[in-house]
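Asker: Input file: model_39.txt. Contents: compact mmCIF, C-alpha atoms.
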# COMPACT_ATOMS: atom_id res chain seq x y z
CA MET A 3 0.00 0.00 0.00
CA ALA A 4 1.29 3.46 -0.91
CA THR A 5 2.13 6.06 1.74
CA ALA A 6 0.64 9.52 1.13
CA VAL A 7 3.31 12.07 2.14
CA LEU A 8 2.75 15.82 2.23
CA ASP A 9 6.24 17.11 1.41
CA MET A 10 6.92 20.84 1.83
CA SER A 11 9.72 23.28 2.55
CA MET A 12 8.64 25.75 5.23
CA SER A 13 10.20 28.81 6.85
CA LEU A 14 10.46 29.03 10.65
CA ASP A 15 7.47 31.39 10.61
CA GLY A 16 5.38 28.84 8.72
CA PHE A 17 5.41 30.18 5.17
CA ILE A 18 5.81 28.06 2.03
CA ALA A 19 6.01 31.07 -0.28
CA GLY A 20 6.88 34.71 0.16
CA PRO A 21 4.53 37.59 -0.68
CA ASP A 22 3.04 38.00 -4.18
CA ASP A 23 3.68 34.49 -5.47
CA SER A 24 2.24 33.99 -8.95
CA PRO A 25 3.01 32.05 -12.15
CA GLU A 26 5.38 34.93 -13.03
CA LEU A 27 7.01 34.84 -9.56
CA PRO A 28 6.76 31.25 -8.23
CA GLY A 29 7.73 31.18 -4.56
CA GLY A 30 6.99 34.87 -4.18
CA ALA A 31 9.31 37.70 -3.15
CA GLY A 32 12.18 37.32 -0.69
CA PHE A 33 14.57 34.43 -0.04
CA SER A 34 14.12 31.00 -1.62
CA LEU A 35 13.00 28.07 0.54
CA HIS A 36 14.37 25.61 -1.99
CA ASP A 37 18.10 26.26 -2.07
CA TRP A 38 18.67 22.94 -0.25
CA ILE A 39 17.31 21.07 -3.30
CA GLY A 40 19.84 22.30 -5.83
CA ASP A 41 18.49 21.67 -9.34
CA PRO A 42 15.50 19.30 -8.98
CA ASP A 43 16.15 17.88 -12.44
CA ASP A 44 19.76 17.10 -11.54
CA PRO A 45 20.04 15.48 -8.09
CA SER A 46 23.83 15.65 -8.23
CA THR A 47 23.56 19.40 -7.53
CA ALA A 48 22.28 18.75 -3.99
CA ALA A 49 24.69 17.72 -1.28
CA GLY A 50 24.87 14.64 0.95
CA ARG A 51 21.71 13.87 2.84
CA ASP A 52 19.80 16.71 1.18
CA ARG A 53 20.32 14.73 -2.01
CA ASP A 54 18.99 11.52 -0.39
CA LEU A 55 15.73 13.34 0.31
CA MET A 56 15.38 14.42 -3.30
CA GLU A 57 16.13 10.88 -4.47
CA ALA A 58 13.24 9.68 -2.26
CA VAL A 59 10.94 12.21 -3.95
CA ARG A 60 12.07 11.03 -7.37
CA ALA A 61 11.18 7.44 -6.40
CA ALA A 62 7.52 8.39 -5.79
CA GLY A 63 4.83 6.51 -7.73
CA ALA A 64 2.40 9.42 -8.09
CA ILE A 65 2.20 13.18 -7.54
CA LEU A 66 -0.72 14.96 -5.87
CA SER A 67 -0.92 18.75 -5.99
CA GLY A 68 -3.24 21.64 -5.36
CA ARG A 69 -4.31 23.54 -8.44
CA ARG A 70 -2.42 26.71 -7.52
CA THR A 71 0.92 24.88 -7.26
CA ALA A 72 0.29 22.88 -10.44
CA GLU A 73 -0.57 25.99 -12.44
CA GLN A 74 2.39 27.96 -11.05
CA ALA A 75 4.61 25.11 -12.24
CA GLY A 76 2.90 24.90 -15.65
CA HIS A 77 1.91 21.33 -14.71
CA TRP A 78 5.66 20.55 -14.93
CA GLY A 79 5.27 20.36 -18.70
CA GLY A 80 3.04 17.33 -18.15
CA ASP A 81 5.71 15.19 -16.40
CA HIS A 82 6.90 16.04 -12.86
CA HIS A 83 10.70 16.30 -13.21
CA GLY A 84 10.75 13.56 -15.84
CA MET A 85 9.53 10.90 -13.41
CA GLY A 86 6.88 9.57 -15.78
CA VAL A 87 4.27 9.08 -13.04
CA PRO A 88 0.65 10.31 -12.92
CA ILE A 89 -0.08 13.76 -11.50
CA PHE A 90 -3.37 14.24 -9.65
CA VAL A 91 -4.54 17.85 -9.27
CA ILE A 92 -7.27 18.75 -6.77
CA SER A 93 -9.75 21.30 -8.11
CA ARG A 94 -13.51 21.76 -8.26
CA ARG A 95 -13.17 23.71 -11.52
CA ALA A 96 -12.44 22.22 -14.96
CA PRO A 97 -8.76 22.26 -15.99
CA SER A 98 -7.40 24.87 -18.38
CA ALA A 99 -7.16 23.90 -22.05
CA GLU A 100 -3.42 23.14 -21.96
CA VAL A 101 -4.05 20.16 -19.64
CA ALA A 102 -5.61 18.13 -22.47
CA ALA A 103 -2.11 17.84 -23.96
CA HIS A 104 -0.80 16.16 -20.77
CA PRO A 105 -2.02 12.54 -20.51
CA LEU A 106 -0.33 12.04 -17.09
CA VAL A 107 -2.30 14.93 -15.52
CA HIS A 108 -5.66 14.10 -13.92
CA TYR A 109 -8.01 16.63 -12.35
CA VAL A 110 -10.06 15.32 -9.40
CA ASP A 111 -12.65 17.41 -7.56
CA ASP A 112 -12.62 15.69 -4.15
CA VAL A 113 -9.58 15.61 -1.88
CA ALA A 114 -10.08 12.15 -0.39
CA ASP A 115 -10.90 10.71 -3.81
CA ALA A 116 -7.77 12.29 -5.31
CA VAL A 117 -5.56 10.74 -2.60
CA ARG A 118 -7.23 7.35 -3.07
CA GLN A 119 -6.67 7.43 -6.83
CA ALA A 120 -3.06 8.57 -6.36
CA LYS A 121 -2.36 5.75 -3.87
CA GLU A 122 -3.80 3.19 -6.27
CA ALA A 123 -1.61 4.55 -9.06
CA ALA A 124 1.49 4.57 -6.84
CA GLY A 125 1.23 0.88 -5.93
CA ASP A 126 3.62 0.35 -3.02
CA ARG A 127 5.55 3.57 -3.65
CA ARG A 128 5.12 6.98 -2.07
CA VAL A 129 2.55 9.55 -3.18
CA HIS A 130 4.44 12.86 -3.20
CA MET A 131 1.92 15.54 -2.19
CA ILE A 132 2.41 19.31 -2.45
CA GLY A 133 0.29 22.36 -1.78
CA ALA A 134 -1.46 23.98 1.14
CA ALA A 135 -5.07 25.05 0.52
CA TRP A 136 -6.34 21.45 0.39
CA VAL A 137 -4.41 20.28 3.47
CA PRO A 138 -7.06 20.99 6.17
CA ALA A 139 -9.67 19.00 4.20
CA ALA A 140 -7.22 16.15 3.67
CA LEU A 141 -6.39 16.01 7.39
CA GLU A 142 -10.09 16.02 8.23
CA ALA A 143 -10.55 13.09 5.84
CA GLY A 144 -7.63 11.20 7.40
CA ALA A 145 -5.98 11.12 3.97
CA ILE A 146 -2.42 12.24 4.86
CA ASP A 147 -0.22 9.44 6.22
CA GLU A 148 2.99 11.41 6.74
CA ILE A 149 4.16 15.01 6.68
CA GLN A 150 7.74 15.59 5.52
CA ILE A 151 8.71 19.13 6.46
CA HIS A 152 11.97 20.70 5.37
CA HIS A 153 12.39 23.27 8.17
CA VAL A 154 14.39 25.99 6.41
CA PRO A 155 16.34 28.54 8.51
CA LEU A 156 14.54 31.65 7.28
CA LEU A 157 11.93 34.05 8.60
CA LEU A 158 10.02 35.11 5.47
CA GLY A 159 7.90 37.60 7.43
CA ALA A 160 4.85 37.28 5.17
CA GLY A 161 3.44 35.15 2.37
CA ARG A 162 1.46 31.94 2.09
CA ARG A 163 1.19 29.78 5.22
CA LEU A 164 1.28 25.99 5.01
CA PHE A 165 -1.05 25.43 7.95
CA GLU A 166 -4.11 27.58 8.31
CA LEU A 167 -6.70 26.88 11.00
CA LEU A 168 -7.77 23.26 11.53
CA PRO A 169 -11.07 22.12 13.08
CA ALA A 170 -9.30 20.05 15.76
CA PRO A 171 -5.79 19.40 17.09
CA ILE A 172 -3.91 16.37 15.72
CA ARG A 173 -1.05 14.41 17.28
CA LEU A 174 2.00 13.58 15.19
CA GLU A 175 4.91 11.22 15.79
CA ILE A 176 8.48 12.01 14.77
CA ALA A 177 9.48 9.26 12.34
CA GLU A 178 12.85 10.60 11.15
CA VAL A 179 15.07 13.66 11.56
CA ILE A 180 17.81 14.48 9.06
CA SER A 181 19.90 17.50 9.95
CA THR A 182 21.93 19.36 7.32
CA PRO A 183 23.29 22.91 7.30
CA ARG A 184 20.57 23.99 4.84
CA ALA A 185 17.48 22.49 6.51
CA THR A 186 16.23 20.28 9.31
CA HIS A 187 14.23 17.59 7.54
CA VAL A 188 11.61 16.06 9.86
CA ARG A 189 9.23 13.33 8.80
CA TYR A 190 6.11 13.15 10.96
CA ARG A 191 3.59 10.31 11.07
CA VAL A 192 0.01 11.57 11.47
CA LEU A 193 -1.77 9.95 14.44
CA TYR A 194 -5.48 10.42 13.79
CA MET B 25 28.81 39.28 26.71
CA ALA B 26 25.44 37.58 27.26
CA THR B 27 23.57 35.86 24.43
CA ALA B 28 19.88 36.80 24.12
CA VAL B 29 17.98 33.61 23.26
CA LEU B 30 14.28 33.49 22.41
CA ASP B 31 13.34 30.02 23.70
CA MET B 32 9.90 28.65 22.78
CA SER B 33 8.06 25.38 22.24
CA MET B 34 6.06 25.55 19.02
CA SER B 35 3.62 23.24 17.24
CA LEU B 36 4.21 22.29 13.60
CA ASP B 37 1.50 24.78 12.64
CA GLY B 38 3.30 27.58 14.46
CA PHE B 39 1.30 27.92 17.67
CA ILE B 40 2.79 28.44 21.14
CA ALA B 41 -0.57 28.12 22.91
CA GLY B 42 -3.90 26.58 22.02
CA PRO B 43 -7.17 28.51 21.88
CA ASP B 44 -8.48 30.47 24.90
CA ASP B 45 -5.25 30.67 26.86
CA SER B 46 -5.65 32.77 30.02
CA PRO B 47 -4.30 32.90 33.58
CA GLU B 48 -6.92 30.25 34.42
CA LEU B 49 -5.93 28.09 31.41
CA PRO B 50 -2.22 28.72 30.70
CA GLY B 51 -1.29 27.18 27.36
CA GLY B 52 -4.91 27.17 26.23
CA ALA B 53 -7.13 24.27 25.21
CA GLY B 54 -5.86 21.12 23.48
CA PHE B 55 -2.61 19.20 23.81
CA SER B 56 0.35 20.51 25.83
CA LEU B 57 3.45 21.72 24.01
CA HIS B 58 5.53 21.26 27.15
CA ASP B 59 5.41 17.54 27.87
CA TRP B 60 9.06 17.24 26.81
CA ILE B 61 10.08 19.41 29.78
CA GLY B 62 8.74 17.19 32.53
CA ASP B 63 8.45 19.21 35.76
CA PRO B 64 10.41 22.46 35.20
CA ASP B 65 11.19 22.66 38.92
CA ASP B 66 12.64 19.15 38.91
CA PRO B 67 14.93 18.57 35.89
CA SER B 68 15.26 14.88 36.79
CA THR B 69 11.72 14.38 35.42
CA ALA B 70 12.88 15.12 31.86
CA ALA B 71 14.74 12.49 29.88
CA GLY B 72 18.19 12.48 28.27
CA ARG B 73 18.91 15.35 25.96
CA ASP B 74 15.53 16.99 26.69
CA ARG B 75 16.91 17.38 30.21
CA ASP B 76 20.15 18.94 28.94
CA LEU B 77 18.09 21.67 27.30
CA MET B 78 16.26 22.44 30.52
CA GLU B 79 19.57 22.54 32.39
CA ALA B 80 20.78 25.15 29.90
CA VAL B 81 17.68 27.24 30.63
CA ARG B 82 18.31 26.94 34.37
CA ALA B 83 21.86 28.25 33.85
CA ALA B 84 20.56 31.52 32.38
CA GLY B 85 21.61 34.80 34.02
CA ALA B 86 18.39 36.70 33.39
CA ILE B 87 14.83 36.15 32.16
CA LEU B 88 13.03 38.38 29.68
CA SER B 89 9.31 37.95 29.12
CA GLY B 90 6.31 39.59 27.55
CA ARG B 91 3.70 40.82 29.99
CA ARG B 92 1.07 38.30 28.96
CA THR B 93 3.35 35.32 29.67
CA ALA B 94 4.57 36.83 32.96
CA GLU B 95 1.04 37.47 34.18
CA GLN B 96 -0.19 34.02 33.11
CA ALA B 97 2.64 32.54 35.18
CA GLY B 98 1.92 34.84 38.17
CA HIS B 99 5.43 36.26 37.67
CA TRP B 100 6.67 32.79 38.74
CA GLY B 101 6.05 33.84 42.34
CA GLY B 102 8.80 36.43 41.88
CA ASP B 103 11.58 33.93 41.10
CA HIS B 104 11.64 32.01 37.77
CA HIS B 105 11.83 28.33 38.82
CA GLY B 106 13.99 29.21 41.84
CA MET B 107 16.87 30.44 39.69
CA GLY B 108 17.33 33.64 41.69
CA VAL B 109 17.98 35.80 38.60
CA PRO B 110 16.33 39.07 37.55
CA ILE B 111 13.17 38.95 35.45
CA PHE B 112 12.60 41.74 32.92
CA VAL B 113 9.02 42.20 31.71
CA ILE B 114 8.27 44.25 28.60
CA SER B 115 5.19 46.45 28.96
CA ARG B 116 4.20 50.03 28.28
CA ARG B 117 1.70 49.94 31.17
CA ALA B 118 2.57 50.07 34.87
CA PRO B 119 2.83 46.68 36.61
CA SER B 120 0.02 45.32 38.73
CA ALA B 121 0.25 45.89 42.50
CA GLU B 122 1.52 42.36 43.28
CA VAL B 123 4.78 43.07 41.42
CA ALA B 124 5.97 45.44 44.16
CA ALA B 125 6.45 42.35 46.36
CA HIS B 126 8.89 40.81 43.85
CA PRO B 127 12.28 42.57 43.96
CA LEU B 128 13.68 40.43 41.08
CA VAL B 129 10.91 41.59 38.69
CA HIS B 130 11.58 44.72 36.61
CA TYR B 131 9.10 46.29 34.19
CA VAL B 132 10.70 48.00 31.16
CA ASP B 133 8.66 49.83 28.52
CA ASP B 134 11.02 49.53 25.53
CA VAL B 135 11.97 46.20 23.95
CA ALA B 136 15.55 47.03 23.00
CA ASP B 137 16.14 48.65 26.40
CA ALA B 138 14.75 45.59 28.18
CA VAL B 139 17.10 43.26 26.28
CA ARG B 140 20.07 45.56 26.98
CA GLN B 141 19.31 45.62 30.71
CA ALA B 142 18.81 41.86 30.77
CA LYS B 143 22.13 41.24 28.99
CA GLU B 144 23.94 43.50 31.46
CA ALA B 145 22.37 41.62 34.35
CA ALA B 146 23.23 38.22 32.84
CA GLY B 147 26.96 38.95 32.53
CA ASP B 148 28.37 36.22 30.30
CA ARG B 149 25.39 33.92 30.74
CA ARG B 150 22.35 33.47 28.54
CA VAL B 151 19.27 35.70 28.67
CA HIS B 152 16.30 33.30 28.49
CA MET B 153 13.56 35.10 26.57
CA ILE B 154 9.93 34.02 26.26
CA GLY B 155 6.78 35.44 24.69
CA ALA B 156 5.56 36.35 21.23
CA ALA B 157 3.90 39.78 20.95
CA TRP B 158 7.19 41.66 21.42
CA VAL B 159 9.21 39.47 19.03
CA PRO B 160 8.70 41.45 15.77
CA ALA B 161 9.86 44.66 17.50
CA ALA B 162 12.87 42.86 18.98
CA LEU B 163 13.86 41.45 15.59
CA GLU B 164 13.50 44.90 14.03
CA ALA B 165 15.80 46.26 16.75
CA GLY B 166 18.34 43.48 16.14
CA ALA B 167 17.96 42.47 19.81
CA ILE B 168 17.56 38.68 19.47
CA ASP B 169 20.86 36.80 19.06
CA GLU B 170 19.49 33.25 18.86
CA ILE B 171 16.13 31.51 18.55
CA GLN B 172 15.85 28.13 20.28
CA ILE B 173 12.73 26.42 18.97
CA HIS B 174 11.44 23.17 20.41
CA HIS B 175 9.57 21.84 17.36
CA VAL B 176 6.84 19.72 18.99
CA PRO B 177 5.06 17.03 16.91
CA LEU B 178 1.55 18.46 17.21
CA LEU B 179 -0.87 20.35 15.01
CA LEU B 180 -2.80 22.55 17.46
CA GLY B 181 -5.12 23.84 14.73
CA ALA B 182 -5.67 27.24 16.36
CA GLY B 183 -4.37 29.46 19.14
CA ARG B 184 -1.58 31.97 19.55
CA ARG B 185 1.12 32.09 16.85
CA LEU B 186 4.77 32.70 17.70
CA PHE B 187 5.58 34.54 14.49
CA GLU B 188 3.14 37.08 13.19
CA LEU B 189 3.99 39.27 10.19
CA LEU B 190 7.46 40.84 10.09
CA PRO B 191 8.42 43.96 8.13
CA ALA B 192 11.22 42.15 6.25
CA PRO B 193 12.58 38.62 5.77
CA ILE B 194 15.52 37.56 7.98
CA ARG B 195 18.11 34.86 7.38
CA LEU B 196 18.92 32.40 10.15
CA GLU B 197 21.74 29.89 10.56
CA ILE B 198 21.27 26.46 12.10
CA ALA B 199 23.58 26.39 15.14
CA GLU B 200 22.50 23.09 16.74
CA VAL B 201 19.92 20.34 16.26
CA ILE B 202 19.01 17.95 19.08
CA SER B 203 16.53 15.25 18.13
CA THR B 204 14.50 13.41 20.75
CA PRO B 205 11.23 11.48 20.45
CA ARG B 206 9.32 14.34 22.08
CA ALA B 207 10.68 17.32 20.12
CA THR B 208 13.22 18.43 17.54
CA HIS B 209 15.20 21.15 19.29
CA VAL B 210 16.78 23.56 16.79
CA ARG B 211 18.89 26.52 17.83
CA TYR B 212 19.07 29.22 15.13
CA ARG B 213 21.51 32.13 14.99
CA VAL B 214 19.87 35.32 13.69
CA LEU B 215 21.78 36.82 10.73
CA TYR B 216 20.68 40.44 10.53
Can you present the structure in this file as structure tokens?

Answerer:
Amino acid sequence: MATAVLDMSMSLDGFIAGPDDSPELPGGAGFSLHDWIGDPDDPSTAAGRDRDLMEAVRAAGAILSGRRTAEQAGHWGGDHHGMGVPIFVISRRAPSAEVAAHPLVHYVDDVADAVRQAKEAAGDRRVHMIGAAWVPAALEAGAIDEIQIHHVPLLLGAGRRLFELLPAPIRLEIAEVISTPRATHVRYRVLY
Amino acid sequence: MATAVLDMSMSLDGFIAGPDDSPELPGGAGFSLHDWIGDPDDPSTAAGRDRDLMEAVRAAGAILSGRRTAEQAGHWGGDHHGMGVPIFVISRRAPSAEVAAHPLVHYVDDVADAVRQAKEAAGDRRVHMIGAAWVPAALEAGAIDEIQIHHVPLLLGAGRRLFELLPAPIRLEIAEVISTPRATHVRYRVLY
């Protein structure tokens, strides 16, 4: 059975993008949260254990994304970093016309259904999940198995928060901590 | 010269207290962020490296706190966990009458001035700083040397955030990571 992992880089003040992020300015203004990755298409540009984390992402069997992230990334040209795996995008609205040209991209209107389809597609591999707006609904549905946070040593000051208000508190369990100079990578298991 | 260290336990979603925190309900509703500490008056109740962190707090030469935290804690009875060191409280309003009975407690109306007085009092020891509301002003004044965050594996869902909006982004440097089952303790140096 696949493991559904929300995988995000986050500043110490809880932001995943600086102010004014848009397709023209992905990640928003200010410092980048993704320097630890190097070039995502060339894992050799990341160092040591940072690289191991990117290799784990590249071994995923499916991608799940919010619509905002997918559109900012131009749906990764239809293939997330050349991995050749299906990409599930959560949105209640119909996809833009360009999506028809991308057979790996699937729009799904319900969060829990999108995660279920992605897990089926991933087989026994990880579902790599990115985004923020859909996260409260996914937690409410019990659809996130693990949360991999790359705690980046930055205070962005403003921008887009990963965690907005949730209807109830949730316990986590620390599954793994990898410490590098560029980020503290903590993998949390969600205890519903 | 003393090091001024903001030292806070924080949930993964950035809260330092759950909803409805008050003098009657310190820490607010929901799960506790402070289980890793054990009994702060008896360090032997914490385990392993969690205990080392509490010992470091108990070696501080001065305490600096926001007014809200100080009042919720009843000014620690006038002596922060029996450490016998001065306690500086940031507030523009005059202290309540009970404070007159606590010779170690000093109210200071300016953030930068409070940190300066606390560092003088601490000599070459750490200033242990707690609170949230005064943090943006202290960062703007360049008055926080280090930020020790105890990243606790909880999503509180709502409550009081440690980091509200800042006027500008700030780079940090990871100085130390201590990983225990109860928290990931990361000490950040502030790079102004």

Asker: Do me a favour and pick out the residues of chain B within 7 Å of chain A, using only C-alpha atoms, as a PDB file with C-alpha atoms, keeping the file's coordinate frame.

Answerer:
ATOM      1  CA  ASP B  37       1.500  24.780  12.640  1.00  0.00           C
ATOM      2  CA  GLY B  38       3.300  27.580  14.460  1.00  0.00           C
ATOM      3  CA  GLY B  54      -5.860  21.120  23.480  1.00  0.00           C
ATOM      4  CA  PRO B 177       5.060  17.030  16.910  1.00  0.00           C
ATOM      5  CA  LEU B 178       1.550  18.460  17.210  1.00  0.00           C
ATOM      6  CA  LEU B 179      -0.870  20.350  15.010  1.00  0.00           C
ATOM      7  CA  LEU B 180      -2.800  22.550  17.460  1.00  0.00           C
ATOM      8  CA  GLY B 181      -5.120  23.840  14.730  1.00  0.00           C
ATOM      9  CA  ALA B 182      -5.670  27.240  16.360  1.00  0.00           C
ATOM     10  CA  PHE B 187       5.580  34.540  14.490  1.00  0.00           C
ATOM     11  CA  LEU B 189       3.990  39.270  10.190  1.00  0.00           C
ATOM     12  CA  LEU B 190       7.460  40.840  10.090  1.00  0.00           C
ATOM     13  CA  PRO B 191       8.420  43.960   8.130  1.00  0.00           C
ATOM     14  CA  ALA B 192      11.220  42.150   6.250  1.00  0.00           C
ATOM     15  CA  PRO B 193      12.580  38.620   5.770  1.00  0.00           C
ATOM     16  CA  ILE B 194      15.520  37.560   7.980  1.00  0.00           C
ATOM     17  CA  ARG B 195      18.110  34.860   7.380  1.00  0.00           C
ATOM     18  CA  LEU B 196      18.920  32.400  10.150  1.00  0.00           C
ATOM     19  CA  GLU B 197      21.740  29.890  10.560  1.00  0.00           C
ATOM     20  CA  ILE B 198      21.270  26.460  12.100  1.00  0.00           C
ATOM     21  CA  VAL B 201      19.920  20.340  16.260  1.00  0.00           C
ATOM     22  CA  SER B 203      16.530  15.250  18.130  1.00  0.00           C
ATOM     23  CA  PRO B 205      11.230  11.480  20.450  1.00  0.00           C
TER      24      PRO B 205
END

Asker: Which one of A:His77, A:Arg118, A:His82, A:Arg128 sits closest to Ala103 (chain A) if you count only C-alpha atoms?

Answerer: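 Comparing A:His77, A:Arg118, A:His82, A:Arg128 against Ala103 (chain A), the winner is A:His77.
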
Asker: Taking (-3.1, 8.5, -1.0) in the file's coordinates as the center, which residues reach within 6 Å of it, counting all atoms listed in the file, put as a PyMOL selection string?

Answerer: chain A and resi 6+117-118+120-121

Asker: Please provide the set of residues having any atom within 10 Å of His36 (chain A), restricted to all atoms listed in the file, with same-chain residues fewer than 6 positions apart removed, written as a PyMOL selection string.

Answerer: chain A and resi 10-12+18+29+42+152+154+184-185

Asker: May I have the protein, DNA and RNA residues with any atom at most 12 Å from the point (-5.9, 31.0, 34.2), counting all atoms listed in the file, written as a ChimeraX atom specification?

Answerer: /B:44-53,92-93,95-98

Asker: Write a file of the just-selected residues containing C-alpha atoms, as a short mmCIF file (atom, residue, chain, number, x, y, z; two decimals), in the frame of the given file.

Answerer:
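Saved as result-v7.cif:
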data_model
loop_
_atom_site.label_atom_id
_atom_site.label_comp_id
_atom_site.auth_asym_id
_atom_site.auth_seq_id
_atom_site.Cartn_x
_atom_site.Cartn_y
_atom_site.Cartn_z
CA ASP B 44 -8.48 30.47 24.90
CA ASP B 45 -5.25 30.67 26.86
CA SER B 46 -5.65 32.77 30.02
CA PRO B 47 -4.30 32.90 33.58
CA GLU B 48 -6.92 30.25 34.42
CA LEU B 49 -5.93 28.09 31.41
CA PRO B 50 -2.22 28.72 30.70
CA GLY B 51 -1.29 27.18 27.36
CA GLY B 52 -4.91 27.17 26.23
CA ALA B 53 -7.13 24.27 25.21
CA ARG B 92 1.07 38.30 28.96
CA THR B 93 3.35 35.32 29.67
CA GLU B 95 1.04 37.47 34.18
CA GLN B 96 -0.19 34.02 33.11
CA ALA B 97 2.64 32.54 35.18
CA GLY B 98 1.92 34.84 38.17
#

Asker: Separation of CA of Asp169 (chain B) and CA of Gly102 (chain B), in Å?

Answerer: 25.8 Å

Asker: Any idea what's packed within 12 Å of region 85-90 of chain A, counting all atoms listed in the file, ignoring anything in its chain fewer than 2 positions away? Could you give it as a ChimeraX atom specification?

Answerer: /A:42-43,57-69,71-72,77-83,92-93,97,101,104-125,127-133

Asker: What does the structure give for the distance between CA of Ala139 (chain A) and CA of Asp9 (chain A), in Å to one decimal?

Answerer: 16.3 Å
